[in-house]
Each structure stands twice: as structure tokens, then as C-alpha cells.
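Reproduced below: input-v6.cif, with mmCIF, C-alpha atoms.
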data_structure
#
loop_
_atom_site.label_atom_id
_atom_site.label_comp_id
_atom_site.auth_asym_id
_atom_site.auth_seq_id
_atom_site.Cartn_x
_atom_site.Cartn_y
_atom_site.Cartn_z
CA MET A 349 52.09 29.43 -37.99
CA TRP A 350 49.60 26.56 -38.28
CA TYR A 351 47.22 26.36 -41.25
CA GLU A 352 44.52 23.79 -42.00
CA LYS A 353 44.52 22.78 -45.67
CA ASP A 354 41.67 21.93 -48.06
CA PHE A 355 39.81 18.66 -47.76
CA THR A 356 42.31 15.83 -48.30
CA ILE A 357 41.22 12.66 -50.05
CA PRO A 358 41.94 9.78 -47.63
CA LEU A 359 44.49 7.17 -48.68
CA PHE A 360 41.97 4.33 -48.26
CA CYS A 361 39.87 5.63 -51.17
CA LYS A 362 40.20 3.67 -54.41
CA LYS A 363 40.36 6.02 -57.39
CA VAL A 364 37.71 5.48 -60.04
CA LYS A 365 38.50 8.61 -62.06
CA PHE A 366 40.32 11.85 -61.36
CA ASP A 367 40.57 14.92 -63.60
CA TYR A 368 42.99 17.66 -62.54
CA ASP A 369 43.58 21.00 -64.24
CA ARG A 370 47.02 22.34 -63.26
CA GLU A 371 46.37 25.73 -64.79
CA THR A 372 43.35 26.47 -62.57
CA ASP A 373 44.29 24.10 -59.69
CA THR A 374 40.83 22.54 -59.81
CA TYR A 375 39.86 18.89 -59.88
CA THR A 376 36.98 16.45 -60.02
CA GLY A 377 37.39 12.96 -58.58
CA LYS A 378 35.37 9.84 -57.89
CA PHE A 379 36.53 7.19 -55.40
CA CYS A 380 35.16 3.83 -54.31
CA LEU A 381 34.81 3.07 -50.58
CA ASN A 382 33.91 0.04 -48.51
CA GLU A 383 31.29 0.49 -45.77
CA ALA A 384 33.81 0.74 -42.91
CA ASP A 385 35.82 3.38 -44.78
CA LYS A 386 32.61 5.25 -45.59
CA ASP A 387 31.86 5.35 -41.86
CA LYS A 388 35.39 6.61 -41.08
CA LEU A 389 35.08 9.32 -43.70
CA MET A 390 31.66 10.40 -42.43
CA ASP A 391 33.07 10.59 -38.88
CA LYS A 392 36.01 12.67 -40.14
CA LEU A 393 33.71 15.06 -41.96
CA GLU A 394 31.30 15.34 -39.02
CA ASN A 395 34.19 16.09 -36.64
CA ALA A 396 35.54 18.71 -39.05
CA HIS A 397 32.06 20.21 -39.32
CA GLU A 398 31.69 20.42 -35.52
CA ARG A 399 35.13 22.03 -35.17
CA SER A 400 34.25 24.47 -37.93
CA LYS A 401 30.95 25.40 -36.23
CA GLU A 402 32.77 26.09 -32.96
CA GLN A 403 35.32 28.33 -34.70
CA GLN A 404 32.60 30.10 -36.72
CA TYR A 405 30.72 30.84 -33.49
CA ILE A 406 33.83 32.38 -31.92
CA TYR A 407 34.52 34.32 -35.13
CA PHE A 408 31.03 35.85 -35.23
CA GLN A 409 31.02 36.59 -31.49
CA GLU A 410 34.19 38.65 -31.89
CA MET A 411 33.07 40.68 -34.90
CA GLY A 412 33.99 44.33 -34.48
CA ARG A 413 37.00 43.59 -32.27
CA PRO A 414 40.56 43.48 -33.61
CA ILE A 415 40.52 40.45 -35.93
CA ARG A 416 44.09 39.36 -35.20
CA LYS A 417 43.18 38.73 -31.55
CA LEU A 418 41.03 35.77 -32.61
CA GLY A 419 44.10 33.54 -32.72
CA GLU A 420 45.52 31.04 -35.20
CA VAL A 421 43.00 28.27 -34.65
CA VAL A 422 39.93 30.43 -35.29
CA LEU A 423 41.47 32.26 -38.23
CA ASN A 424 42.98 29.22 -39.93
CA THR A 425 40.36 26.50 -39.43
CA THR A 426 38.81 25.23 -42.65
CA ILE A 427 35.12 26.08 -42.95
CA VAL A 428 33.11 22.85 -43.29
CA SER A 429 29.39 22.92 -43.95
CA ASP A 430 27.15 19.89 -43.94
CA ASN A 431 23.96 20.04 -45.90
CA HIS A 432 22.20 16.92 -44.66
CA ALA A 433 18.86 18.70 -44.54
CA GLU A 434 19.22 19.64 -48.20
CA LYS A 435 20.48 16.32 -49.55
CA GLN A 436 17.03 15.17 -50.66
CA ASN A 437 16.70 18.31 -52.80
CA ILE A 438 20.14 18.25 -54.41
CA ASP A 439 20.22 18.62 -58.17
CA SER A 440 23.27 16.43 -58.80
CA GLU A 441 23.61 17.66 -62.37
CA LYS A 442 24.27 21.18 -61.04
CA ILE A 443 26.86 19.95 -58.54
CA TYR A 444 28.52 17.48 -60.89
CA PRO A 445 27.65 18.04 -64.55
CA GLU A 446 30.18 15.30 -65.37
CA SER A 447 28.05 12.27 -66.26
CA TRP A 448 30.53 9.84 -64.66
CA MET A 449 30.33 11.35 -61.19
CA LEU A 450 26.91 10.50 -59.71
CA GLU A 451 24.68 7.63 -60.70
CA ASP A 452 20.92 7.76 -61.15
CA ASN A 453 18.86 6.57 -58.16
CA ALA A 454 21.84 6.86 -55.81
CA GLU A 455 21.20 7.15 -52.08
CA LEU A 456 22.92 10.33 -50.94
CA ILE A 457 24.55 9.76 -47.55
CA GLY A 458 26.52 12.95 -47.07
CA TYR A 459 26.87 16.29 -48.80
CA TYR A 460 29.47 18.82 -47.59
CA TRP A 461 31.40 21.78 -48.84
CA THR A 462 34.68 23.06 -47.46
CA SER A 463 36.69 26.21 -47.97
CA PRO A 464 39.64 27.89 -46.30
CA ARG A 465 38.85 30.97 -44.22
CA TYR A 466 40.21 33.96 -46.11
CA ILE A 467 40.73 37.41 -44.65
CA ASP A 468 43.17 39.54 -46.63
CA SER A 469 46.57 39.81 -44.88
CA VAL A 470 45.24 38.11 -41.71
CA THR A 471 44.70 34.40 -42.44
CA LEU A 472 47.46 32.16 -43.68
CA PHE A 473 45.38 31.19 -46.70
CA GLN A 474 46.11 33.90 -49.25
CA ASP A 475 46.06 31.84 -52.45
CA ILE A 476 43.07 33.46 -54.14
CA ASN A 477 42.75 33.14 -57.90
CA ASP A 478 43.04 35.90 -60.51
CA TYR A 479 39.37 36.81 -60.00
CA GLY A 480 39.68 37.20 -56.22
CA LYS A 481 37.96 33.88 -55.49
CA ILE A 482 38.78 31.16 -52.96
CA PRO A 483 38.46 27.46 -53.77
CA TYR A 484 35.62 25.30 -52.51
CA CYS A 485 35.53 21.51 -52.28
CA TYR A 486 32.13 19.94 -52.84
CA ILE A 487 31.92 16.48 -51.32
CA VAL A 488 29.20 13.88 -51.84
CA ILE A 489 29.15 10.39 -50.39
CA TYR A 490 26.57 8.06 -51.87
CA LYS A 491 25.51 4.44 -52.20
CA ASN A 492 24.58 3.20 -55.65
CA THR A 493 21.82 0.72 -56.48
CA GLU A 494 24.33 -2.15 -56.34
CA GLY A 495 25.24 -1.30 -52.72
CA LYS A 496 28.67 0.23 -53.49
CA TYR A 497 29.81 3.41 -51.75
CA TYR A 498 31.43 6.33 -53.53
CA LEU A 499 33.07 9.60 -52.61
CA CYS A 500 32.82 12.39 -55.18
CA VAL A 501 34.88 15.56 -54.74
CA LYS A 502 35.02 18.69 -56.84
CA ARG A 503 37.46 21.49 -56.04
CA THR A 504 36.60 24.65 -57.92
CA TYR A 505 36.05 28.39 -57.75
CA PHE A 506 32.71 30.13 -58.08
CA ASP A 507 33.91 32.00 -61.15
CA ASP A 508 34.15 28.82 -63.26
CA TRP A 509 31.13 26.91 -61.91
CA ASP A 510 27.62 27.86 -60.83
CA GLY A 511 27.94 26.06 -57.46
CA PRO A 512 25.33 25.27 -54.84
CA GLU A 513 23.82 28.75 -54.73
CA SER A 514 22.01 27.81 -57.94
CA LEU A 515 20.44 24.66 -56.45
#
Represent the structure of the file as C-alpha cells.
Amino acid sequence: MWYEKDFTIPLFCKKVKFDYDRETDTYTGKFCLNEADKDKLMDKLENAHERSKEQQYIYFQEMGRPIRKLGEVVLNTTIVSDNHAEKQNIDSEKIYPESWMLEDNAELIGYYWTSPRYIDSVTLFQDINDYGKIPYCYIVIYKNTEGKYYLCVKRTYFDDWDGPESL
């Protein structure tokens, strides 16, 4: 059965720094992009967001009916949310408390979060952590004051980070 994975860092991204914790399967990474690659990444995220919205719509329309009849695509599509309307109000220190992640006076271009759809014993994603939580990837694309583009990604669980609900 098909299953869409977490956000995957594109090969064209040049690693600046990457911290991975094997024990919790969480990571924080910063990558440098050129303008063309930034545009490709934004297109990829926008397409994923549109696909996710379509599948979410179908999912909510079918609430109350047998869940398994929704089909593999609806049940196993990664949820992708864009928060463009909120990007001016983002408290970057809450998203990325790591001082090396976001720079002061950066122009935020894109802010997304992704997560696998999880329904116990129905979706293919069943890899919840010991606290019953699913992982989220928080993605920010920004341009610094020198005109360089960066992708920042944090994969974490709500039990070890306060997340965007505290923004």
C-alpha cells in the first residue's frame, strides 16, 4: 500500500548545519538555497499544500461514514499547512530557539508545517512515539539581509517542544 512520507529535504539544498537525535528521531537543519532552487522548493510546497487541502476536504466530507472507504490516497496523504497569512506575526524564537537557525531582520518567504495523517489501525503511518504523538516538520524559507536564501526545518513532537500553538 502507498504511503507518503514526511517532508524530504531536497538534494539541491546545501547543508549549513544539521542536528539529529537518533533516540527521539527528531532533527533541526538549516540549508542554503539559490533563488531558482528556492522557487522550486516553494512550488513543491505549494503543490503539496494544494493536494493536502483536496484530501482534507474529502476526509471531512466523509466524516461519519466507514473510514476505510476513503481510500489510500486520502488516508495516506501528508497534511501540509501553509501559514502565509501568519508569517508576519511569527515569533521565530518559539519556532526555532536555536540561535543559528533564523537571522535577525530576515524576510520570511514561506512558513509551513507537515505531518502524516494518523488514524489508529487505518493509516499506514503508525509510528507514534511513546507519548502517543506524531511528528511534525516545521519549515521556514527566508532571505537574509545579504540576499541569501535559507531553508530551515525542524522535525519534532509536541511533547518535547511548545510548537506553533504557543505563537
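When all atoms listed in the file are used to measure the gap to Lys363 (chain A), the shortest distance among A:Met449, A:Ile406, A:Leu423, A:Ala454 belongs to A:Met449.
Pairwise distance (CA of Ile482 (chain A), CA of Trp461 (chain A)) equals 12.6 Å.
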For this session: Pull out every residue that the PyMOL selection byres ((chain A and resi 490) around 12) matches in the shown coordinates and put them as number ranges by chain.
Result: A: 378-383, 386-387, 389-390, 435-436, 440, 449-460, 487-489, 491-501
Same residues, C-alpha atoms, saved as a compact mmCIF listing (two decimals), keeping the file's coordinate frame:
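Contents of selection-v7.txt, as written:
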# COMPACT_ATOMS: atom_id res chain seq x y z
CA LYS A 378 35.37 9.84 -57.89
CA PHE A 379 36.53 7.19 -55.40
CA CYS A 380 35.16 3.83 -54.31
CA LEU A 381 34.81 3.07 -50.58
CA ASN A 382 33.91 0.04 -48.51
CA GLU A 383 31.29 0.49 -45.77
CA LYS A 386 32.61 5.25 -45.59
CA ASP A 387 31.86 5.35 -41.86
CA LEU A 389 35.08 9.32 -43.70
CA MET A 390 31.66 10.40 -42.43
CA LYS A 435 20.48 16.32 -49.55
CA GLN A 436 17.03 15.17 -50.66
CA SER A 440 23.27 16.43 -58.80
CA MET A 449 30.33 11.35 -61.19
CA LEU A 450 26.91 10.50 -59.71
CA GLU A 451 24.68 7.63 -60.70
CA ASP A 452 20.92 7.76 -61.15
CA ASN A 453 18.86 6.57 -58.16
CA ALA A 454 21.84 6.86 -55.81
CA GLU A 455 21.20 7.15 -52.08
CA LEU A 456 22.92 10.33 -50.94
CA ILE A 457 24.55 9.76 -47.55
CA GLY A 458 26.52 12.95 -47.07
CA TYR A 459 26.87 16.29 -48.80
CA TYR A 460 29.47 18.82 -47.59
CA ILE A 487 31.92 16.48 -51.32
CA VAL A 488 29.20 13.88 -51.84
CA ILE A 489 29.15 10.39 -50.39
CA LYS A 491 25.51 4.44 -52.20
CA ASN A 492 24.58 3.20 -55.65
CA THR A 493 21.82 0.72 -56.48
CA GLU A 494 24.33 -2.15 -56.34
CA GLY A 495 25.24 -1.30 -52.72
CA LYS A 496 28.67 0.23 -53.49
CA TYR A 497 29.81 3.41 -51.75
CA TYR A 498 31.43 6.33 -53.53
CA LEU A 499 33.07 9.60 -52.61
CA CYS A 500 32.82 12.39 -55.18
CA VAL A 501 34.88 15.56 -54.74
Problem set entry | Non-local contacts of Asn395 (chain A) (12 Å; only C-alpha atoms; under 6 positions in same chain excluded) as a ChimeraX atom specification | /A:388-389,401-402,426-430
Selection file, C-alpha atoms, as a tab-separated table (two decimals), in the coordinates of the input:
chain	number	residue	atom	x	y	z
A	388	LYS	CA	35.39	6.61	-41.08
A	389	LEU	CA	35.08	9.32	-43.70
A	401	LYS	CA	30.95	25.40	-36.23
A	402	GLU	CA	32.77	26.09	-32.96
A	426	THR	CA	38.81	25.23	-42.65
A	427	ILE	CA	35.12	26.08	-42.95
A	428	VAL	CA	33.11	22.85	-43.29
A	429	SER	CA	29.39	22.92	-43.95
A	430	ASP	CA	27.15	19.89	-43.94
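The smallest atom-to-atom distance between Tyr505 (chain A) and any of A:Thr462, A:Ile467, A:Val364, A:Pro414, using all atoms listed in the file, is found for A:Thr462.
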For this session: For region 365-377 of chain A, work out the shell of residues within 10 Å, counting only C-alpha atoms and skipping chain neighbours fewer than 5 positions away, then give it as an NGL selection string.
Result: :A and (357 or 444 or 446 or 448-449 or 477-478 or 483-487 or 499-505 or 508)
Problem set entry | Distance query 9 Å from (35.5, 32.2, -32.7) using only C-alpha atoms, result as a list in words | Lys401, Glu402, Gln403, Gln404, Tyr405, Ile406, Tyr407, Phe408, Gln409, Glu410, Leu418, Gly419, Val421, Val422 and Leu423 of chain A
Take the residues from that selection and write them out as a short mmCIF file (atom, residue, chain, number, x, y, z; two decimals), in the frame of the given file, keeping C-alpha atoms.
data_model
loop_
_atom_site.label_atom_id
_atom_site.label_comp_id
_atom_site.auth_asym_id
_atom_site.auth_seq_id
_atom_site.Cartn_x
_atom_site.Cartn_y
_atom_site.Cartn_z
CA LYS A 401 30.95 25.40 -36.23
CA GLU A 402 32.77 26.09 -32.96
CA GLN A 403 35.32 28.33 -34.70
CA GLN A 404 32.60 30.10 -36.72
CA TYR A 405 30.72 30.84 -33.49
CA ILE A 406 33.83 32.38 -31.92
CA TYR A 407 34.52 34.32 -35.13
CA PHE A 408 31.03 35.85 -35.23
CA GLN A 409 31.02 36.59 -31.49
CA GLU A 410 34.19 38.65 -31.89
CA LEU A 418 41.03 35.77 -32.61
CA GLY A 419 44.10 33.54 -32.72
CA VAL A 421 43.00 28.27 -34.65
CA VAL A 422 39.93 30.43 -35.29
CA LEU A 423 41.47 32.26 -38.23
#
For this session: Enter the distance from CA of Thr356 (chain A) to CA of Ser463 (chain A), in Å, rounded to one decimal.
Result: 11.8 Å
Problem set entry | Atom-to-atom span, CA of Gln474 (chain A) and CA of Leu359 (chain A), Å | 26.8 Å
